[in-house]
>>> print(open('final-v4.cif').read())   # mmCIF, C-alpha atoms
data_model
#
loop_
_atom_site.label_atom_id
_atom_site.label_comp_id
_atom_site.auth_asym_id
_atom_site.auth_seq_id
_atom_site.Cartn_x
_atom_site.Cartn_y
_atom_site.Cartn_z
CA MET A 10 -4.07 -22.54 -16.54
CA SER A 11 -3.20 -19.20 -14.93
CA ASP A 12 -1.01 -16.62 -16.64
CA ASP A 13 1.81 -17.47 -14.21
CA ASP A 14 1.77 -21.11 -15.36
CA ILE A 15 2.04 -20.35 -19.08
CA PRO A 16 5.62 -20.94 -20.28
CA GLN A 17 7.38 -17.91 -21.68
CA PRO A 18 8.84 -18.64 -25.12
CA ASP A 19 11.60 -16.06 -24.63
CA GLN A 20 12.88 -17.53 -21.34
CA ILE A 21 15.15 -20.53 -20.84
CA ALA A 22 13.73 -22.91 -18.25
CA GLY A 23 15.63 -22.57 -15.00
CA ALA A 24 17.12 -19.17 -15.86
CA PRO A 25 15.96 -15.62 -15.15
CA HIS A 26 14.00 -13.83 -17.85
CA PRO A 27 16.33 -11.68 -20.01
CA ARG A 28 14.75 -8.48 -18.66
CA GLU A 29 15.87 -9.57 -15.17
CA THR A 30 19.50 -10.23 -16.14
CA ARG A 31 21.68 -7.59 -14.51
CA THR A 32 24.97 -7.96 -16.40
CA LEU A 33 25.51 -8.66 -20.09
CA TYR A 34 28.69 -10.70 -20.58
CA GLY A 35 30.80 -11.01 -23.71
CA GLN A 36 28.93 -8.57 -25.97
CA ALA A 37 30.90 -5.36 -25.44
CA LYS A 38 31.27 -4.70 -29.18
CA ALA A 39 27.55 -4.94 -29.91
CA GLU A 40 26.85 -2.69 -26.93
CA ALA A 41 29.46 -0.17 -28.08
CA ASP A 42 28.14 -0.17 -31.66
CA PHE A 43 24.66 0.75 -30.42
CA LEU A 44 25.96 3.43 -28.06
CA ASP A 45 28.10 4.95 -30.85
CA ALA A 46 25.01 5.30 -33.04
CA PHE A 47 23.00 6.70 -30.14
CA GLY A 48 25.67 9.23 -29.23
CA ALA A 49 26.01 10.39 -32.83
CA GLY A 50 22.26 10.89 -33.19
CA ARG A 51 21.97 8.06 -35.75
CA LEU A 52 19.40 5.93 -33.96
CA HIS A 53 17.90 3.59 -36.54
CA SER A 54 14.23 2.72 -36.24
CA GLY A 55 14.99 -0.98 -36.84
CA TRP A 56 17.76 -3.04 -35.22
CA LEU A 57 18.46 -6.71 -35.97
CA ILE A 58 20.20 -8.44 -33.07
CA THR A 59 21.79 -11.64 -34.39
CA GLY A 60 23.97 -14.47 -33.17
CA PRO A 61 23.76 -18.03 -31.86
CA ARG A 62 21.09 -19.01 -29.35
CA GLY A 63 21.81 -18.36 -25.72
CA VAL A 64 24.62 -15.81 -26.02
CA GLY A 65 22.74 -12.78 -24.69
CA LYS A 66 20.77 -11.36 -27.63
CA ALA A 67 17.56 -10.98 -25.65
CA THR A 68 19.44 -9.54 -22.68
CA LEU A 69 20.97 -6.96 -25.01
CA ALA A 70 17.55 -6.10 -26.44
CA TRP A 71 16.05 -5.55 -22.99
CA LYS A 72 19.01 -3.44 -21.90
CA ILE A 73 18.68 -1.28 -25.03
CA ALA A 74 14.95 -0.93 -24.40
CA THR A 75 15.51 0.08 -20.77
CA PHE A 76 18.22 2.54 -21.80
CA LEU A 77 16.07 4.17 -24.48
CA LEU A 78 12.95 4.47 -22.37
CA SER A 79 14.87 6.02 -19.48
CA ASN A 80 16.83 8.46 -21.70
CA PRO A 81 14.35 10.42 -23.84
CA ASP A 82 16.71 12.76 -25.74
CA VAL A 83 18.62 11.04 -28.54
CA GLY A 84 21.98 12.54 -29.42
CA MET A 85 22.32 14.90 -26.46
CA PHE A 86 24.87 12.67 -24.77
CA ALA A 87 26.51 9.29 -25.04
CA LYS A 88 26.64 7.01 -22.04
CA PRO A 89 29.58 4.65 -21.52
CA SER A 90 27.28 1.65 -21.05
CA LEU A 91 23.68 0.57 -21.25
CA ALA A 92 23.49 0.33 -17.46
CA VAL A 93 20.42 1.94 -15.91
CA ASP A 94 19.77 2.27 -12.19
CA PRO A 95 17.25 -0.48 -11.32
CA ALA A 96 15.44 2.07 -9.14
CA HIS A 97 14.76 4.32 -12.14
CA PRO A 98 10.97 4.57 -12.63
CA ASP A 99 11.12 3.32 -16.22
CA ALA A 100 13.40 0.43 -15.25
CA ARG A 101 11.01 -0.60 -12.49
CA LEU A 102 8.06 -0.56 -14.88
CA ILE A 103 9.99 -2.69 -17.37
CA GLN A 104 10.95 -5.20 -14.68
CA ALA A 105 7.29 -5.47 -13.75
CA GLY A 106 6.30 -6.02 -17.39
CA ALA A 107 4.10 -2.95 -17.22
CA HIS A 108 5.82 -0.19 -19.19
CA PRO A 109 3.17 1.54 -21.36
CA ARG A 110 5.69 2.40 -24.10
CA LEU A 111 7.21 -1.07 -24.49
CA SER A 112 5.62 -3.88 -26.51
CA LEU A 113 6.87 -7.49 -26.60
CA ILE A 114 5.98 -9.64 -29.62
CA ARG A 115 6.53 -13.39 -29.15
CA ARG A 116 4.84 -16.72 -29.84
CA PRO A 117 1.35 -16.73 -28.29
CA TRP A 118 -0.32 -19.38 -26.16
CA ASP A 119 -2.91 -21.59 -27.84
CA ASP A 120 -5.82 -22.22 -25.45
CA LYS A 121 -7.09 -25.09 -27.60
CA THR A 122 -3.91 -27.15 -27.67
CA LYS A 123 -2.61 -25.86 -24.31
CA LYS A 124 0.75 -25.24 -25.94
CA LEU A 125 2.70 -22.31 -27.30
CA LYS A 126 2.09 -21.82 -30.98
CA ASN A 127 4.93 -22.75 -33.31
CA ASP A 128 5.03 -19.30 -34.94
CA ILE A 129 4.47 -15.67 -34.12
CA THR A 130 1.11 -14.98 -35.72
CA VAL A 131 -0.06 -11.94 -37.63
CA ASP A 132 -2.55 -11.12 -34.86
CA ALA A 133 0.35 -10.66 -32.45
CA VAL A 134 1.92 -8.12 -34.80
CA ARG A 135 -1.37 -6.38 -35.54
CA SER A 136 -1.65 -5.60 -31.84
CA LEU A 137 1.06 -3.01 -32.47
CA LYS A 138 -1.54 -0.75 -34.09
CA THR A 139 -3.30 -0.40 -30.74
CA PHE A 140 0.02 -0.08 -28.92
CA PHE A 141 1.19 2.77 -31.14
CA GLN A 142 -2.12 4.60 -30.80
CA MET A 143 -2.20 4.33 -27.00
CA SER A 144 1.50 4.99 -26.41
CA ALA A 145 1.52 8.11 -28.59
CA ALA A 146 -0.44 10.10 -26.01
CA ASP A 147 2.54 11.22 -23.90
CA GLY A 148 4.87 11.79 -26.87
CA GLY A 149 7.67 9.65 -25.45
CA ARG A 150 9.83 7.14 -27.21
CA ARG A 151 8.32 3.70 -27.91
CA VAL A 152 10.19 0.39 -28.13
CA VAL A 153 9.11 -2.93 -29.64
CA ILE A 154 10.98 -6.20 -28.99
CA VAL A 155 10.33 -9.13 -31.35
CA ASP A 156 11.67 -12.37 -29.87
CA ALA A 157 12.40 -14.13 -32.09
CA ALA A 158 11.96 -12.62 -35.54
CA ASP A 159 12.78 -15.89 -37.29
CA GLU A 160 9.63 -17.32 -35.70
CA LEU A 161 7.38 -14.87 -37.55
CA ASN A 162 5.06 -16.62 -39.99
CA ARG A 163 4.76 -15.18 -43.48
CA ASN A 164 1.85 -12.85 -42.73
CA ALA A 165 3.42 -11.68 -39.47
CA ALA A 166 6.72 -11.00 -41.24
CA ASN A 167 4.94 -8.88 -43.87
CA ALA A 168 3.16 -6.97 -41.09
CA ILE A 169 6.48 -6.23 -39.34
CA LEU A 170 7.95 -5.16 -42.68
CA LYS A 171 5.22 -2.54 -43.04
CA GLU A 172 6.13 -1.09 -39.64
CA LEU A 173 9.80 -0.97 -40.64
CA GLU A 174 8.99 0.69 -43.95
CA GLU A 175 6.88 3.39 -42.30
CA PRO A 176 8.03 3.45 -38.68
CA PRO A 177 6.00 5.56 -36.25
CA ALA A 178 7.73 8.61 -34.83
CA ASN A 179 10.05 8.01 -31.87
CA CYS A 180 9.83 4.25 -32.24
CA THR A 181 12.64 1.69 -32.12
CA ILE A 182 11.97 -1.90 -33.22
CA LEU A 183 14.42 -4.51 -31.90
CA LEU A 184 14.28 -7.83 -33.75
CA ILE A 185 16.11 -10.79 -32.20
CA ALA A 186 17.14 -13.40 -34.78
CA HIS A 187 18.91 -16.74 -34.22
CA GLN A 188 18.90 -17.44 -37.98
CA PRO A 189 18.69 -14.10 -39.82
CA SER A 190 18.92 -15.88 -43.18
CA ARG A 191 15.34 -17.04 -42.61
CA LEU A 192 14.07 -13.46 -42.56
CA LEU A 193 12.76 -11.60 -45.57
CA PRO A 194 15.66 -9.80 -47.29
CA THR A 195 13.61 -6.62 -47.15
CA ILE A 196 13.40 -6.89 -43.35
CA ARG A 197 17.16 -7.34 -43.08
CA SER A 198 17.82 -4.42 -45.41
CA ARG A 199 15.74 -2.05 -43.26
CA CYS A 200 17.58 -2.83 -40.03
CA ARG A 201 21.01 -2.13 -38.70
CA GLU A 202 22.62 -5.31 -37.41
CA LEU A 203 24.11 -5.86 -33.97
CA ARG A 204 26.06 -9.11 -33.97
CA CYS A 205 26.38 -11.06 -30.72
CA THR A 206 29.18 -13.62 -30.54
CA ARG A 207 29.79 -16.84 -28.63
CA LEU A 208 31.02 -16.39 -25.08
CA GLY A 209 34.56 -17.14 -24.03
CA ALA A 210 35.14 -19.59 -21.18
CA GLN A 211 35.36 -16.92 -18.47
CA ASP A 212 32.32 -14.99 -19.68
CA LEU A 213 30.39 -18.25 -19.93
CA GLN A 214 31.21 -19.14 -16.32
CA SER A 215 30.24 -15.64 -15.17
CA ALA A 216 26.95 -15.77 -17.06
CA LEU A 217 26.13 -19.18 -15.58
CA ALA A 218 26.91 -18.03 -12.05
CA GLN A 219 24.69 -14.97 -12.54
CA ALA A 220 21.85 -17.21 -13.75
CA GLY A 221 22.16 -19.38 -10.66
CA HIS A 222 23.99 -22.26 -12.36
CA PRO A 223 27.62 -22.23 -11.22
CA SER A 224 29.49 -25.32 -12.38
CA ASP A 225 32.87 -26.90 -11.77
CA GLN A 226 32.69 -28.76 -15.10
CA SER A 227 33.99 -25.83 -17.11
CA GLU A 228 35.89 -27.85 -19.75
CA SER A 229 32.96 -30.07 -20.68
CA LEU A 230 30.49 -27.18 -20.66
CA ALA A 231 32.75 -24.97 -22.77
CA ALA A 232 33.21 -27.79 -25.28
CA LEU A 233 29.58 -28.84 -25.59
CA ALA A 234 27.79 -25.51 -25.14
CA GLY A 235 29.94 -23.81 -27.77
CA GLY A 236 29.96 -20.45 -26.00
CA SER A 237 26.18 -20.40 -25.41
CA ALA A 238 25.05 -19.83 -21.83
CA GLY A 239 21.55 -20.95 -22.85
CA ASP A 240 22.84 -24.29 -24.15
CA ALA A 241 24.99 -24.71 -21.03
CA ILE A 242 21.95 -24.21 -18.78
CA ARG A 243 19.97 -26.77 -20.78
CA LEU A 244 22.83 -29.26 -20.41
CA LEU A 245 22.97 -28.68 -16.66
CA ASN A 246 19.19 -28.80 -16.23
CA HIS A 247 18.77 -32.10 -18.07
CA ASP A 248 21.94 -34.01 -17.10
CA GLY A 249 23.33 -33.40 -20.57
CA LEU A 250 26.96 -33.79 -19.49
CA ALA A 251 26.29 -37.25 -18.03
CA LEU A 252 24.29 -38.21 -21.11
CA TYR A 253 27.11 -37.13 -23.44
CA ALA A 254 29.56 -39.15 -21.36
CA GLU A 255 27.23 -42.12 -21.84
CA LEU A 256 27.29 -41.56 -25.60
CA ILE A 257 31.09 -41.46 -25.64
CA LYS A 258 31.19 -44.70 -23.64
CA THR A 259 28.82 -46.32 -26.16
CA PHE A 260 31.05 -45.23 -29.05
CA ASP A 261 34.39 -45.78 -27.28
CA LYS A 262 35.18 -49.02 -29.14
CA LEU A 263 34.14 -47.83 -32.60
CA PRO A 264 34.09 -49.14 -35.26
CA ARG A 265 32.11 -51.48 -32.96
CA ILE A 266 29.59 -50.06 -30.57
CA ASP A 267 28.95 -51.20 -27.02
CA ARG A 268 25.56 -52.83 -27.64
CA PRO A 269 24.39 -53.04 -24.02
CA SER A 270 25.14 -49.32 -23.63
CA ALA A 271 23.31 -48.57 -26.88
CA LEU A 272 20.23 -50.43 -25.66
CA ARG A 273 20.28 -48.56 -22.34
CA LEU A 274 20.53 -45.25 -24.19
CA ALA A 275 17.58 -46.13 -26.39
CA ASP A 276 15.44 -47.51 -23.56
CA GLY A 277 16.05 -44.32 -21.56
CA CYS A 278 14.22 -42.33 -24.23
CA VAL A 279 10.96 -44.29 -24.06
CA GLY A 280 7.80 -42.93 -22.49
CA ARG A 281 6.20 -39.53 -22.11
CA ALA A 282 8.26 -38.74 -19.03
CA ALA A 283 11.44 -39.30 -21.07
CA ASP A 284 10.53 -36.87 -23.85
CA VAL A 285 13.05 -34.28 -22.67
CA ARG A 286 15.79 -36.92 -22.50
CA PHE A 287 14.84 -38.09 -25.99
CA GLY A 288 15.23 -34.58 -27.40
CA MET A 289 18.51 -34.09 -25.55
CA THR A 290 19.84 -37.41 -26.87
CA LEU A 291 19.05 -36.41 -30.45
CA ASP A 292 20.73 -33.04 -29.92
CA LEU A 293 23.85 -34.64 -28.44
CA ILE A 294 24.14 -37.20 -31.24
CA ASP A 295 24.00 -34.29 -33.68
CA LEU A 296 26.68 -32.50 -31.67
CA PHE A 297 28.88 -35.60 -31.61
CA LEU A 298 28.69 -35.88 -35.40
CA SER A 299 29.54 -32.20 -35.77
CA ARG A 300 32.56 -32.60 -33.51
CA ALA A 301 33.65 -35.70 -35.46
CA ALA A 302 33.49 -33.79 -38.75
CA ARG A 303 35.45 -30.90 -37.26
CA ALA A 304 38.07 -33.27 -35.81
CA GLY A 305 38.71 -34.68 -39.28
CA LEU A 306 39.62 -31.21 -40.51
CA MET A 307 41.29 -29.69 -37.46
CA GLY A 308 42.41 -32.62 -35.33
CA ALA A 309 41.06 -33.88 -32.03
CA PRO A 310 39.59 -31.12 -29.84
CA ALA A 311 41.68 -29.59 -27.07
CA ALA A 312 38.63 -29.36 -24.78
CA GLN A 313 36.75 -32.62 -24.29
CA GLY A 314 33.02 -32.95 -23.85
CA ALA A 315 33.59 -36.15 -21.86
CA PRO A 316 36.58 -38.27 -20.82
CA GLY A 317 38.03 -40.19 -23.74
CA GLU A 318 36.33 -38.07 -26.42
CA ALA A 319 39.52 -36.63 -27.93
CA ARG A 320 41.08 -40.08 -28.35
CA LEU A 321 37.87 -41.45 -29.87
CA LEU A 322 37.48 -38.59 -32.36
CA GLY A 323 41.12 -38.81 -33.34
CA ARG A 324 40.62 -42.48 -34.23
CA ILE A 325 37.32 -42.26 -36.15
CA ALA A 326 38.03 -38.94 -37.91
CA PRO A 327 41.71 -39.04 -38.87
CA ASN A 328 41.55 -36.99 -42.08
CA ASP A 329 39.48 -34.69 -44.29
CA ARG A 330 37.92 -37.64 -46.14
CA ALA A 331 36.51 -38.88 -42.86
CA ALA A 332 35.39 -35.33 -42.05
CA ARG A 333 33.27 -35.27 -45.20
CA GLN A 334 31.70 -38.63 -44.34
CA TRP A 335 30.79 -37.51 -40.81
CA ALA A 336 29.42 -34.22 -42.09
CA GLN A 337 27.25 -36.07 -44.61
CA LEU A 338 26.03 -38.45 -41.92
CA GLN A 339 25.14 -35.51 -39.71
CA GLN A 340 23.04 -34.05 -42.50
CA ASP A 341 21.34 -37.40 -43.17
CA LEU A 342 20.59 -38.13 -39.52
CA THR A 343 19.29 -34.63 -38.90
CA GLU A 344 16.70 -35.22 -41.61
CA ARG A 345 15.99 -38.72 -40.28
CA SER A 346 15.50 -37.32 -36.78
CA ARG A 347 13.18 -34.56 -37.99
CA HIS A 348 11.08 -37.05 -39.95
CA GLY A 349 11.02 -39.58 -37.12
CA ARG A 350 9.71 -37.04 -34.63
CA ALA A 351 7.15 -35.72 -37.11
CA VAL A 352 5.60 -39.17 -37.61
CA ASN A 353 5.98 -40.17 -33.93
CA LEU A 354 8.43 -42.98 -34.64
CA ASP A 355 9.25 -45.08 -31.60
CA PRO A 356 12.05 -43.18 -29.78
CA ALA A 357 14.06 -46.31 -28.98
CA ALA A 358 13.92 -47.48 -32.60
CA LEU A 359 15.00 -44.06 -33.88
CA ILE A 360 17.93 -43.79 -31.45
CA LEU A 361 19.15 -47.33 -32.22
CA ASP A 362 18.87 -46.73 -35.96
CA MET A 363 21.03 -43.60 -35.64
CA ILE A 364 23.60 -45.41 -33.50
CA PHE A 365 23.86 -48.25 -36.04
CA LYS A 366 24.38 -45.68 -38.83
CA ILE A 367 27.24 -44.20 -36.80
CA GLU A 368 28.74 -47.67 -36.37
CA GLU A 369 28.45 -48.31 -40.10
CA THR A 370 30.18 -45.04 -40.97
CA ALA A 371 32.97 -45.60 -38.44
CA GLN A 372 33.78 -48.94 -40.09
CA GLY A 373 34.84 -46.94 -43.14
CA THR A 374 36.71 -44.14 -41.36
CA ALA A 375 38.35 -45.50 -38.21
CA VAL A 376 42.03 -46.27 -37.98
CA ALA A 377 43.41 -49.07 -35.88
#
>>> encode(input="final-v4.cif", output="structure tokens")
Amino acid sequence: MSDDDIPQPDQIAGAPHPRETRTLYGQAKAEADFLDAFGAGRLHSGWLITGPRGVGKATLAWKIATFLLSNPDVGMFAKPSLAVDPAHPDARLIQAGAHPRLSLIRRPWDDKTKKLKNDITVDAVRSLKTFFQMSAADGGRRVVIVDAADELNRNAANAILKELEEPPANCTILLIAHQPSRLLPTIRSRCRELRCTRLGAQDLQSALAQAGHPSDQSESLAALAGGSAGDAIRLLNHDGLALYAELIKTFDKLPRIDRPSALRLADGCVGRAADVRFGMTLDLIDLFLSRAARAGLMGAPAAQGAPGEARLLGRIAPNDRAARQWAQLQQDLTERSRHGRAVNLDPAALILDMIFKIEETAQGTAVA
């Protein structure tokens, strides 16, 4: 397999790499917080960029890296944005993945299994020693991007911690974290946090158009993607909106399910070619349960993920007692799903089992 064929763990399939994204939508506060620190000469050596998946954390990290490497004097001025002319020599090197003072740490490729490794290994972090030695020659600023820090294994996390405790001169380490609670407390304490938030409907549409995925299904995408452009792209790439509509049709008559629809759903997840659909189905069942629990507390959603969803959720989750039951079922089925995939349980059997558990729960929560 050539280098061009190896999947990039920090890139959503079907979307540009974050370093190629021209405009960052919806994260003006995080951008301003960084620029305020830069302008005041308080540039921390470690920055923790947090927030849900797919909202622009990596794009922000690459924009910060480009800004820093093209502006060598900290504190001399404050720029109104992180925008850098794409023709700038440093920006062009970064776009080409060839900047000598930028290092990217991410999950490596395993030549034996022909897959990306599950974690960022300590060897990937140890490569920073060579990077710091080589990049120190010209005396310029160095930047390290770790994407994502919550994928660091224990040894790799300890190695990053050492760099944060004794950071090299003129070095900024940007750690992207989807779940910062998984990081060592000592790593979190040595970084300043930049919090990225979920995108509003307009920013989401703009981000999708920029990524080459314009859509006229704004209500469904906004409801199911939860303000994440990354999740919206996955839904569009894998027919997630149609699949969710199929789920809602299957559950439309709860507390009794549509059994033929349930069987079609399950059968559609069988076979190696259907592995992506299987994963998407599990994710959407989890999302449905989350939306049912929320409906019990806050009422039926204003924005529907599929036609008829609001009416269905209003019937099966009419009160806070029902909300607790759906939340508990979500927790139980998440564990069941994780176990089933780990032991290679038959996909159709797993999906049907989950659907029957939903039917059973609805028989105790639904109103006529």
>>> resolve_selection(input="final-v4.cif", expression="the PyMOL selection byres ((chain A and resi 367-370) around 7)", output="list of chain:residue names")
A:Leu263, A:Pro264, A:Arg265, A:Ile266, A:Met363, A:Ile364, A:Phe365, A:Lys366, A:Ala371, A:Gln372, A:Gly373, A:Thr374
>>> resolve_selection(input="final-v4.cif", expression="the PyMOL selection byres ((chain A and resi 258-261) around 9)", output="list in words")
Tyr253, Ala254, Glu255, Leu256, Ile257, Lys262, Leu263, Pro264, Arg265, Ile266, Asp267, Arg268, Pro269, Ser270, Ala271, Leu274, Pro316, Gly317, Glu318, Arg320, Leu321, Ile364, Ile367 and Glu368 of chain A
>>> residues_around(input="final-v4.cif", residues="A:Ala234", least_positions_apart="5", cutoff="8 Å", atoms="all atoms listed in the file", output="PyMOL selection string")
chain A and resi 240-241+244
>>> atom_distance(input="final-v4.cif", atom1="atom CA of A:Thr59", atom2="atom CA of A:Asp292")
21.9 Å
>>> resolve_selection(input="final-v4.cif", expression="the PyMOL selection byres ((chain A and resi 314) around 10)", output="mmCIF file with C-alpha atoms, in the coordinates of the input")
data_model
loop_
_atom_site.group_PDB
_atom_site.id
_atom_site.type_symbol
_atom_site.label_atom_id
_atom_site.label_comp_id
_atom_site.auth_asym_id
_atom_site.auth_seq_id
_atom_site.Cartn_x
_atom_site.Cartn_y
_atom_site.Cartn_z
ATOM 1 C CA GLN A 226 32.690 -28.760 -15.100
ATOM 2 C CA SER A 227 33.990 -25.830 -17.110
ATOM 3 C CA GLU A 228 35.890 -27.850 -19.750
ATOM 4 C CA SER A 229 32.960 -30.070 -20.680
ATOM 5 C CA LEU A 230 30.490 -27.180 -20.660
ATOM 6 C CA ALA A 231 32.750 -24.970 -22.770
ATOM 7 C CA ALA A 232 33.210 -27.790 -25.280
ATOM 8 C CA LEU A 233 29.580 -28.840 -25.590
ATOM 9 C CA ALA A 234 27.790 -25.510 -25.140
ATOM 10 C CA LEU A 250 26.960 -33.790 -19.490
ATOM 11 C CA ALA A 251 26.290 -37.250 -18.030
ATOM 12 C CA TYR A 253 27.110 -37.130 -23.440
ATOM 13 C CA ALA A 254 29.560 -39.150 -21.360
ATOM 14 C CA ILE A 257 31.090 -41.460 -25.640
ATOM 15 C CA PHE A 297 28.880 -35.600 -31.610
ATOM 16 C CA ARG A 300 32.560 -32.600 -33.510
ATOM 17 C CA PRO A 310 39.590 -31.120 -29.840
ATOM 18 C CA ALA A 311 41.680 -29.590 -27.070
ATOM 19 C CA ALA A 312 38.630 -29.360 -24.780
ATOM 20 C CA GLN A 313 36.750 -32.620 -24.290
ATOM 21 C CA ALA A 315 33.590 -36.150 -21.860
ATOM 22 C CA PRO A 316 36.580 -38.270 -20.820
ATOM 23 C CA GLY A 317 38.030 -40.190 -23.740
ATOM 24 C CA GLU A 318 36.330 -38.070 -26.420
ATOM 25 C CA ALA A 319 39.520 -36.630 -27.930
#
>>> closest_residue(input="final-v4.cif", among="A:Thr68, A:Asn179, A:Asn246, A:Ser144", to="A:Leu111", atoms="all atoms listed in the file")
A:Ser144
>>> atom_distance(input="final-v4.cif", atom1="atom CA of A:Arg28", atom2="atom CA of A:Gly221")
15.4 Å
>>> residues_around(input="final-v4.cif", residues="A:Trp56", least_positions_apart="5", cutoff="6 Å", atoms="all atoms listed in the file", output="mmCIF file with C-alpha atoms, in the frame of the given file")
data_model
loop_
_atom_site.group_PDB
_atom_site.id
_atom_site.type_symbol
_atom_site.label_atom_id
_atom_site.label_comp_id
_atom_site.auth_asym_id
_atom_site.auth_seq_id
_atom_site.Cartn_x
_atom_site.Cartn_y
_atom_site.Cartn_z
ATOM 1 C CA LEU A 183 14.420 -4.510 -31.900
ATOM 2 C CA CYS A 200 17.580 -2.830 -40.030
ATOM 3 C CA ARG A 201 21.010 -2.130 -38.700
ATOM 4 C CA GLU A 202 22.620 -5.310 -37.410
#
>>> build_atoms(input="final-v4.cif", residues="stretch 288-300 of chain A", atoms="N, CA, C and O atoms", output="mmCIF file, in the coordinates of the input")
data_model
loop_
_atom_site.group_PDB
_atom_site.id
_atom_site.type_symbol
_atom_site.label_atom_id
_atom_site.label_comp_id
_atom_site.auth_asym_id
_atom_site.auth_seq_id
_atom_site.Cartn_x
_atom_site.Cartn_y
_atom_site.Cartn_z
ATOM 1 N N GLY A 288 14.789 -35.750 -26.632
ATOM 2 C CA GLY A 288 15.230 -34.580 -27.400
ATOM 3 C C GLY A 288 16.689 -34.256 -27.144
ATOM 4 O O GLY A 288 17.436 -33.930 -28.071
ATOM 5 N N MET A 289 17.116 -34.362 -25.876
ATOM 6 C CA MET A 289 18.510 -34.090 -25.550
ATOM 7 C C MET A 289 19.433 -35.106 -26.198
ATOM 8 O O MET A 289 20.518 -34.767 -26.692
ATOM 9 N N THR A 290 19.021 -36.371 -26.232
ATOM 10 C CA THR A 290 19.840 -37.410 -26.870
ATOM 11 C C THR A 290 20.020 -37.126 -28.353
ATOM 12 O O THR A 290 21.134 -37.233 -28.895
ATOM 13 N N LEU A 291 18.952 -36.756 -29.025
ATOM 14 C CA LEU A 291 19.050 -36.410 -30.450
ATOM 15 C C LEU A 291 19.991 -35.233 -30.652
ATOM 16 O O LEU A 291 20.830 -35.231 -31.568
ATOM 17 N N ASP A 292 19.868 -34.221 -29.794
ATOM 18 C CA ASP A 292 20.730 -33.040 -29.920
ATOM 19 C C ASP A 292 22.198 -33.412 -29.702
ATOM 20 O O ASP A 292 23.092 -32.908 -30.405
ATOM 21 N N LEU A 293 22.461 -34.281 -28.744
ATOM 22 C CA LEU A 293 23.850 -34.640 -28.440
ATOM 23 C C LEU A 293 24.443 -35.553 -29.497
ATOM 24 O O LEU A 293 25.650 -35.486 -29.774
ATOM 25 N N ILE A 294 23.631 -36.408 -30.104
ATOM 26 C CA ILE A 294 24.140 -37.200 -31.240
ATOM 27 C C ILE A 294 24.524 -36.266 -32.377
ATOM 28 O O ILE A 294 25.581 -36.431 -33.010
ATOM 29 N N ASP A 295 23.688 -35.277 -32.635
ATOM 30 C CA ASP A 295 24.000 -34.290 -33.680
ATOM 31 C C ASP A 295 25.297 -33.554 -33.346
ATOM 32 O O ASP A 295 26.143 -33.331 -34.223
ATOM 33 N N LEU A 296 25.460 -33.195 -32.079
ATOM 34 C CA LEU A 296 26.680 -32.500 -31.670
ATOM 35 C C LEU A 296 27.899 -33.396 -31.818
ATOM 36 O O LEU A 296 28.966 -32.953 -32.276
ATOM 37 N N PHE A 297 27.765 -34.663 -31.458
ATOM 38 C CA PHE A 297 28.880 -35.600 -31.610
ATOM 39 C C PHE A 297 29.320 -35.697 -33.067
ATOM 40 O O PHE A 297 30.524 -35.683 -33.376
ATOM 41 N N LEU A 298 28.356 -35.783 -33.978
ATOM 42 C CA LEU A 298 28.690 -35.880 -35.400
ATOM 43 C C LEU A 298 29.367 -34.598 -35.889
ATOM 44 O O LEU A 298 30.306 -34.651 -36.694
ATOM 45 N N SER A 299 28.905 -33.468 -35.412
ATOM 46 C CA SER A 299 29.540 -32.200 -35.770
ATOM 47 C C SER A 299 30.977 -32.148 -35.286
ATOM 48 O O SER A 299 31.881 -31.711 -36.010
ATOM 49 N N ARG A 300 31.207 -32.621 -34.066
ATOM 50 C CA ARG A 300 32.560 -32.600 -33.510
ATOM 51 C C ARG A 300 33.454 -33.619 -34.227
ATOM 52 O O ARG A 300 34.654 -33.383 -34.388
#
